Amino acid sequence: MTGAMYAAISGMKAHMQKLNVIGNNIANINTPAFKASQTTFKESIYTTITSGSNGSSSAGGINPSQLGYGCNVGTIAMDMSTASFSADGNNMHCMIDGSGFFLTGDKATATTSDSKTTLNDVDPQDLDLSRVGDFTFDSQGYLVDGQGHVIYGFVTYTANTDGNTLKDTEKESPLVSTQLVPIRLPIAAGAPTDKTKDPDAGTALYPTQDGTSGKNIYPTGSGNAITVSSIAIDKGTGKITAVNDADNSNIVVGYLALGTVANPNGVTRLENGYYQAGEGAGNCTATSIGGTVTGFLNKPADATTGDAILSSGKTALQTGGLESSGTDLATEIAEMITTQRGYQANTRIITVTDSMLEEMVNMKR
């Protein structure tokens with residue numbers, strides 16, 4: 001008789017866990033790029049009262065008789081499908097229209113000497129993943145999201161070692177490094193208070209590239225970034241362009257990279273809307289939006305082997321807004337009602353079982 005009570009208790013626990021998931025989904029109904037979760041149940045253990053039989057020449061077969069002991073939570077699975085676009089008019093905000101994630105993390109570990117700063121290679125597997133494209137350039141010129149995490153991608157570099165400034169031909173078709181690095185504005189050649197006294201002040205100094213390793217080398221380790229305006233992100237390529245305030249020249253800062261995994265629903269949630277490509281998701285690889293950046297990841301331009309930078313396929317960006325929350329309020333309210341009734345029904349089983357036990361105890365009277 002107490003088996004019914006234990007089954008009901010397991011049912012109450014499972015329904016409470018489902019209600020926790022529903023509550024989290026509803027709480028994040030206005031959280032940009034939130035991905036809702038769905039809960040499924042599974043049957044618990046069974047006790048076999050009589051075994052089944054295939055029958056004999058004189059008797060027919062019988063089915064097994066088993067008693068169950070309730071249910072447990074089977075899965076709590078995320079729905080990583082793309083939600084609707086929420087326009088806000090900010091040119092620095094963008095949404096991933098399709099699969100993939102923005103690659104975020106800390107600033108790259110750098111090898112610094114007196115004359116240069118060489119950026120080390122970064123494995124996409126070690127970076128955090130995000131679907132929220134609320135970008136801005138910080139005071140040091142790094143492209144960061146709303147939480148201050150640096151955004152990774154591919155930056156423009158120059159083959160010219162004379163001041164590391166782009167030549168006219170390079171401005172028309174800038175070179176793009178295949179090293180995955182924090183996206184940063186070029187370094188300013190100088191920043192006097194009166195720019196008219198120095199026409200070269202604020203000239204953009206781009207990194208160069210080591211021909212052997214393919215690593216980006218910045219001209220100095222302490223230079224200030226240039227100041228820019230009219231920043232735009234191309235939705236088909238992820239190219240970031242801006243106007244250098246010092247000379248009103250158009251510059252290409254770099255290209256956003258997207259991280260892809262074999263199983264997007266298998267990523268592990270972190271706090272503040274970040275994910276990690278842990279067990280179940282598969283390896284994280286860096287891709288180029290629209291296949292614009294080609295070559296081998298973290299390799300020089302003439303490399304012939306390595307991990308190829310693949311195209312993001314049909315995945316593109318929507319600029320001027322963010323991805324809406326993936327919570328469907330109507331669905332969650334309906335699930336909440338059925339979950340509440342399921343929990344209530346399980347409590348009734350406990351009440352009825354208690355009444356039956358009370359009657360059995362009172363038989364002595």
# chains A, B, ... in the order shown; residues from 1 in each chain; ligands from 1
$ select_by_dssp --residues "stretch 60-175 of chain A" --states "strand (DSSP E)" --output "PyMOL selection string"
chain A and resi 65-68+71-78+85-87+93-97+101-105+110-112+117-119+128-130+133-134+136-137+143-144+150-157+175
$ closest_atom_pairs --of "stretch 74-191 of chain A" --to "stretch 213-218 of chain A" --cutoff "12 Å" --atoms "only C-alpha atoms" --output "JSON lines"
{"residue": "A:Ala108", "atom": "CA", "partner": "A:Asn216", "partner_atom": "CA", "distance": 11.2}
{"residue": "A:Ala110", "atom": "CA", "partner": "A:Ile217", "partner_atom": "CA", "distance": 9.5}
{"residue": "A:Thr111", "atom": "CA", "partner": "A:Ile217", "partner_atom": "CA", "distance": 9.5}
{"residue": "A:Thr112", "atom": "CA", "partner": "A:Ile217", "partner_atom": "CA", "distance": 9.6}
{"residue": "A:Ser113", "atom": "CA", "partner": "A:Ile217", "partner_atom": "CA", "distance": 10.7}
{"residue": "A:Asp114", "atom": "CA", "partner": "A:Tyr218", "partner_atom": "CA", "distance": 11.5}
{"residue": "A:Ser115", "atom": "CA", "partner": "A:Tyr218", "partner_atom": "CA", "distance": 8.9}
{"residue": "A:Lys116", "atom": "CA", "partner": "A:Tyr218", "partner_atom": "CA", "distance": 5.8}
{"residue": "A:Thr117", "atom": "CA", "partner": "A:Tyr218", "partner_atom": "CA", "distance": 5.2}
{"residue": "A:Thr118", "atom": "CA", "partner": "A:Ile217", "partner_atom": "CA", "distance": 4.4}
{"residue": "A:Leu119", "atom": "CA", "partner": "A:Asn216", "partner_atom": "CA", "distance": 5.7}
{"residue": "A:Asn120", "atom": "CA", "partner": "A:Lys215", "partner_atom": "CA", "distance": 6.7}
{"residue": "A:Asp121", "atom": "CA", "partner": "A:Lys215", "partner_atom": "CA", "distance": 7.3}
{"residue": "A:Val122", "atom": "CA", "partner": "A:Lys215", "partner_atom": "CA", "distance": 10.6}
{"residue": "A:Phe154", "atom": "CA", "partner": "A:Asn216", "partner_atom": "CA", "distance": 10.1}
{"residue": "A:Val155", "atom": "CA", "partner": "A:Asn216", "partner_atom": "CA", "distance": 8.8}
{"residue": "A:Thr156", "atom": "CA", "partner": "A:Asn216", "partner_atom": "CA", "distance": 9.6}
{"residue": "A:Tyr157", "atom": "CA", "partner": "A:Asn216", "partner_atom": "CA", "distance": 7.7}
{"residue": "A:Thr158", "atom": "CA", "partner": "A:Asn216", "partner_atom": "CA", "distance": 9.9}
{"residue": "A:Ala159", "atom": "CA", "partner": "A:Asn216", "partner_atom": "CA", "distance": 11.0}
{"residue": "A:Thr161", "atom": "CA", "partner": "A:Ile217", "partner_atom": "CA", "distance": 10.6}
{"residue": "A:Gly163", "atom": "CA", "partner": "A:Tyr218", "partner_atom": "CA", "distance": 10.9}
{"residue": "A:Asn164", "atom": "CA", "partner": "A:Tyr218", "partner_atom": "CA", "distance": 8.7}
{"residue": "A:Thr165", "atom": "CA", "partner": "A:Tyr218", "partner_atom": "CA", "distance": 11.5}
{"residue": "A:Leu175", "atom": "CA", "partner": "A:Asn216", "partner_atom": "CA", "distance": 11.9}
{"residue": "A:Val176", "atom": "CA", "partner": "A:Asn216", "partner_atom": "CA", "distance": 10.4}
{"residue": "A:Ser177", "atom": "CA", "partner": "A:Asn216", "partner_atom": "CA", "distance": 7.5}
{"residue": "A:Thr178", "atom": "CA", "partner": "A:Gly214", "partner_atom": "CA", "distance": 7.7}
{"residue": "A:Gln179", "atom": "CA", "partner": "A:Lys215", "partner_atom": "CA", "distance": 6.3}
{"residue": "A:Leu180", "atom": "CA", "partner": "A:Lys215", "partner_atom": "CA", "distance": 9.3}
{"residue": "A:Val181", "atom": "CA", "partner": "A:Asn216", "partner_atom": "CA", "distance": 8.4}
{"residue": "A:Pro182", "atom": "CA", "partner": "A:Asn216", "partner_atom": "CA", "distance": 10.8}
{"residue": "A:Ile183", "atom": "CA", "partner": "A:Asn216", "partner_atom": "CA", "distance": 11.6}
{"residue": "A:Arg184", "atom": "CA", "partner": "A:Tyr218", "partner_atom": "CA", "distance": 10.7}
{"residue": "A:Leu185", "atom": "CA", "partner": "A:Tyr218", "partner_atom": "CA", "distance": 11.1}
{"residue": "A:Pro186", "atom": "CA", "partner": "A:Tyr218", "partner_atom": "CA", "distance": 8.8}
{"residue": "A:Ile187", "atom": "CA", "partner": "A:Tyr218", "partner_atom": "CA", "distance": 8.1}
{"residue": "A:Ala188", "atom": "CA", "partner": "A:Tyr218", "partner_atom": "CA", "distance": 11.4}
$ write_last_selection --atoms "C-alpha atoms" --output "compact mmCIF listing (two decimals), in the first residue's frame"
# COMPACT_ATOMS: atom_id res chain seq x y z
CA ALA A 108 44.46 37.10 -25.53
CA ALA A 110 50.36 38.30 -25.33
CA THR A 111 54.11 37.96 -25.57
CA THR A 112 55.44 41.50 -25.04
CA SER A 113 58.86 42.92 -25.82
CA ASP A 114 60.16 46.49 -25.99
CA SER A 115 59.07 46.95 -29.58
CA LYS A 116 56.13 44.65 -30.23
CA THR A 117 53.23 42.72 -28.79
CA THR A 118 52.66 39.30 -30.33
CA LEU A 119 49.25 37.71 -29.82
CA ASN A 120 49.25 34.01 -29.04
CA ASP A 121 46.90 31.49 -30.65
CA VAL A 122 43.52 30.83 -29.06
CA PHE A 154 39.69 38.10 -37.59
CA VAL A 155 41.36 41.50 -37.83
CA THR A 156 42.86 43.51 -40.68
CA TYR A 157 46.65 43.61 -40.90
CA THR A 158 49.24 45.18 -43.16
CA ALA A 159 52.22 43.74 -44.96
CA THR A 161 56.35 47.43 -41.90
CA GLY A 163 54.80 52.57 -39.63
CA ASN A 164 52.29 49.74 -40.02
CA THR A 165 49.87 52.02 -41.89
CA LEU A 175 44.57 41.83 -45.78
CA VAL A 176 42.72 39.76 -43.20
CA SER A 177 44.57 37.56 -40.75
CA THR A 178 43.31 34.03 -40.09
CA GLN A 179 44.49 34.16 -36.48
CA LEU A 180 41.53 34.12 -34.08
CA VAL A 181 42.09 37.19 -31.88
CA PRO A 182 40.15 39.76 -29.85
CA ILE A 183 38.76 42.31 -32.30
CA ARG A 184 40.40 45.67 -31.63
CA LEU A 185 40.61 49.04 -33.33
CA PRO A 186 43.99 49.95 -34.87
CA ILE A 187 46.52 51.79 -32.70
CA ALA A 188 46.74 55.58 -33.06
$ residues_around --residues "A:Ser355" --least-positions-apart "6" --cutoff "12 Å" --atoms "only C-alpha atoms" --output "ChimeraX atom specification"
/A:1-2,5,348-349,361-362
$ atom_distance --atom1 "atom CA of A:Asn263" --atom2 "atom CA of A:Thr104"
19.0 Å
$ residues_around --residues "A:Met92" --least-positions-apart "5" --cutoff "8 Å" --atoms "only C-alpha atoms" --output "count of residues only"
9
$ residues_around --residues "A:Lys18" --least-positions-apart "3" --cutoff "9 Å" --atoms "only C-alpha atoms" --output "PDB file with N, CA and C atoms, in the first residue's frame"
ATOM      1  N   LYS A  13       7.936  15.268  -6.810  1.00  0.00           N
ATOM      2  CA  LYS A  13       9.283  15.801  -7.029  1.00  0.00           C
ATOM      3  C   LYS A  13       9.512  16.129  -8.506  1.00  0.00           C
ATOM      4  N   ALA A  14       9.076  15.222  -9.382  1.00  0.00           N
ATOM      5  CA  ALA A  14       9.286  15.437 -10.815  1.00  0.00           C
ATOM      6  C   ALA A  14       8.505  16.658 -11.308  1.00  0.00           C
ATOM      7  N   HIS A  15       7.249  16.794 -10.835  1.00  0.00           N
ATOM      8  CA  HIS A  15       6.450  17.938 -11.256  1.00  0.00           C
ATOM      9  C   HIS A  15       7.002  19.250 -10.693  1.00  0.00           C
ATOM     10  N   VAL A  21      11.627  24.649 -14.050  1.00  0.00           N
ATOM     11  CA  VAL A  21      12.033  24.964 -15.426  1.00  0.00           C
ATOM     12  C   VAL A  21      11.076  25.973 -16.052  1.00  0.00           C
ATOM     13  N   ILE A  22       9.777  25.762 -15.842  1.00  0.00           N
ATOM     14  CA  ILE A  22       8.776  26.687 -16.379  1.00  0.00           C
ATOM     15  C   ILE A  22       8.961  28.076 -15.778  1.00  0.00           C
ATOM     16  N   GLY A  23       9.208  28.131 -14.468  1.00  0.00           N
ATOM     17  CA  GLY A  23       9.422  29.415 -13.814  1.00  0.00           C
ATOM     18  C   GLY A  23      10.623  30.153 -14.378  1.00  0.00           C
ATOM     19  N   GLN A  38      12.702  22.549 -22.056  1.00  0.00           N
ATOM     20  CA  GLN A  38      11.526  21.705 -21.941  1.00  0.00           C
ATOM     21  C   GLN A  38      11.864  20.478 -21.108  1.00  0.00           C
ATOM     22  N   THR A  39      10.921  20.085 -20.260  1.00  0.00           N
ATOM     23  CA  THR A  39      11.127  18.959 -19.355  1.00  0.00           C
ATOM     24  C   THR A  39      10.314  17.758 -19.817  1.00  0.00           C
ATOM     25  N   THR A  40      10.923  16.580 -19.802  1.00  0.00           N
ATOM     26  CA  THR A  40      10.209  15.333 -20.060  1.00  0.00           C
ATOM     27  C   THR A  40      10.417  14.393 -18.881  1.00  0.00           C
ATOM     28  N   PHE A  41       9.435  13.533 -18.654  1.00  0.00           N
ATOM     29  CA  PHE A  41       9.497  12.565 -17.560  1.00  0.00           C
ATOM     30  C   PHE A  41       9.832  11.182 -18.099  1.00  0.00           C
ATOM     31  N   VAL A  73      12.527  12.825 -13.554  1.00  0.00           N
ATOM     32  CA  VAL A  73      12.800  13.742 -14.669  1.00  0.00           C
ATOM     33  C   VAL A  73      13.697  13.030 -15.672  1.00  0.00           C
ATOM     34  N   ILE A  76      15.964  17.660 -19.472  1.00  0.00           N
ATOM     35  CA  ILE A  76      15.686  19.099 -19.469  1.00  0.00           C
ATOM     36  C   ILE A  76      16.484  19.660 -20.649  1.00  0.00           C
ATOM     37  N   MET A 336       2.260  25.150 -17.271  1.00  0.00           N
ATOM     38  CA  MET A 336       2.165  25.413 -15.844  1.00  0.00           C
ATOM     39  C   MET A 336       0.863  24.861 -15.267  1.00  0.00           C
ATOM     40  N   THR A 339       1.042  21.054 -15.192  1.00  0.00           N
ATOM     41  CA  THR A 339       1.995  20.646 -14.149  1.00  0.00           C
ATOM     42  C   THR A 339       1.383  20.799 -12.755  1.00  0.00           C
TER      43      THR A 339
END
$ select_by_dssp --residues "stretch 55-282 of chain A" --states "helix (DSSP H, G or I)" --output "list in words"
Pro124, Gln125, Asp126, Asp168, Thr169, Glu170, Lys171, Glu172, Lys195, Thr196, Lys197, Pro264, Asn265, Gly266, Glu271, Asn272 and Gly273 of chain A
$ atom_distance --atom1 "atom CA of A:Lys235" --atom2 "atom CA of A:Val144"
18.1 Å
$ closest_residue --among "A:Gln140, A:Gln318, A:Thr305, A:Gln125" --to "A:Thr260" --atoms "only C-alpha atoms"
A:Gln125
$ residues_around --residues "stretch 284-290 of chain A" --least-positions-apart "5" --cutoff "7 Å" --atoms "only C-alpha atoms" --output "list in words"
Pro124, Gln125, Gly236, Thr237, Gly238, Ala257, Leu258, Gly259, Thr260, Val261, Ala277, Ile309, Leu310, Ser311, Ser312, Gly313 and Ala316 of chain A
$ write_last_selection --atoms "N, CA and C atoms" --output "PDB file, in the first residue's frame"
ATOM      1  N   PRO A 124      39.235  27.884 -30.220  1.00  0.00           N
ATOM      2  CA  PRO A 124      37.819  28.206 -30.036  1.00  0.00           C
ATOM      3  C   PRO A 124      37.155  27.394 -28.927  1.00  0.00           C
ATOM      4  N   GLN A 125      37.675  26.190 -28.672  1.00  0.00           N
ATOM      5  CA  GLN A 125      37.108  25.329 -27.636  1.00  0.00           C
ATOM      6  C   GLN A 125      37.230  25.958 -26.252  1.00  0.00           C
ATOM      7  N   GLY A 236      25.981  40.243 -44.077  1.00  0.00           N
ATOM      8  CA  GLY A 236      26.309  39.075 -44.883  1.00  0.00           C
ATOM      9  C   GLY A 236      27.703  38.538 -44.680  1.00  0.00           C
ATOM     10  N   THR A 237      28.614  39.364 -44.129  1.00  0.00           N
ATOM     11  CA  THR A 237      30.013  38.952 -43.976  1.00  0.00           C
ATOM     12  C   THR A 237      30.539  39.107 -42.558  1.00  0.00           C
ATOM     13  N   GLY A 238      29.866  39.901 -41.731  1.00  0.00           N
ATOM     14  CA  GLY A 238      30.382  40.181 -40.400  1.00  0.00           C
ATOM     15  C   GLY A 238      31.498  41.203 -40.401  1.00  0.00           C
ATOM     16  N   ALA A 257      33.734  36.383 -36.089  1.00  0.00           N
ATOM     17  CA  ALA A 257      33.756  34.936 -36.285  1.00  0.00           C
ATOM     18  C   ALA A 257      32.592  34.317 -35.525  1.00  0.00           C
ATOM     19  N   LEU A 258      32.104  33.195 -36.009  1.00  0.00           N
ATOM     20  CA  LEU A 258      31.059  32.446 -35.319  1.00  0.00           C
ATOM     21  C   LEU A 258      31.590  31.083 -34.931  1.00  0.00           C
ATOM     22  N   GLY A 259      31.224  30.643 -33.731  1.00  0.00           N
ATOM     23  CA  GLY A 259      31.585  29.304 -33.288  1.00  0.00           C
ATOM     24  C   GLY A 259      30.440  28.344 -33.566  1.00  0.00           C
ATOM     25  N   THR A 260      30.756  27.177 -34.095  1.00  0.00           N
ATOM     26  CA  THR A 260      29.741  26.168 -34.367  1.00  0.00           C
ATOM     27  C   THR A 260      30.111  24.864 -33.681  1.00  0.00           C
ATOM     28  N   VAL A 261      29.096  24.133 -33.250  1.00  0.00           N
ATOM     29  CA  VAL A 261      29.294  22.821 -32.628  1.00  0.00           C
ATOM     30  C   VAL A 261      28.386  21.826 -33.335  1.00  0.00           C
ATOM     31  N   ALA A 277      31.096  24.825 -24.873  1.00  0.00           N
ATOM     32  CA  ALA A 277      31.050  23.625 -25.716  1.00  0.00           C
ATOM     33  C   ALA A 277      31.666  22.460 -24.954  1.00  0.00           C
ATOM     34  N   ILE A 309      39.159  27.262 -42.091  1.00  0.00           N
ATOM     35  CA  ILE A 309      38.073  28.134 -41.645  1.00  0.00           C
ATOM     36  C   ILE A 309      36.903  27.933 -42.594  1.00  0.00           C
ATOM     37  N   LEU A 310      35.863  27.288 -42.109  1.00  0.00           N
ATOM     38  CA  LEU A 310      34.715  26.981 -42.945  1.00  0.00           C
ATOM     39  C   LEU A 310      33.734  28.148 -42.982  1.00  0.00           C
ATOM     40  N   SER A 311      32.850  28.104 -43.955  1.00  0.00           N
ATOM     41  CA  SER A 311      31.808  29.121 -44.067  1.00  0.00           C
ATOM     42  C   SER A 311      30.688  28.816 -43.079  1.00  0.00           C
ATOM     43  N   SER A 312      30.000  29.850 -42.625  1.00  0.00           N
ATOM     44  CA  SER A 312      28.857  29.662 -41.731  1.00  0.00           C
ATOM     45  C   SER A 312      27.629  29.171 -42.478  1.00  0.00           C
ATOM     46  N   GLY A 313      27.735  28.967 -43.778  1.00  0.00           N
ATOM     47  CA  GLY A 313      26.611  28.479 -44.571  1.00  0.00           C
ATOM     48  C   GLY A 313      25.543  29.540 -44.739  1.00  0.00           C
ATOM     49  N   ALA A 316      23.564  34.064 -41.228  1.00  0.00           N
ATOM     50  CA  ALA A 316      24.001  35.452 -41.443  1.00  0.00           C
ATOM     51  C   ALA A 316      23.636  36.264 -40.210  1.00  0.00           C
TER      52      ALA A 316
END
$ residues_around --residues "stretch 351-354 of chain A" --least-positions-apart "2" --cutoff "12 Å" --atoms "only C-alpha atoms" --output "PyMOL selection string"
chain A and resi 1-9+344-349+356-361
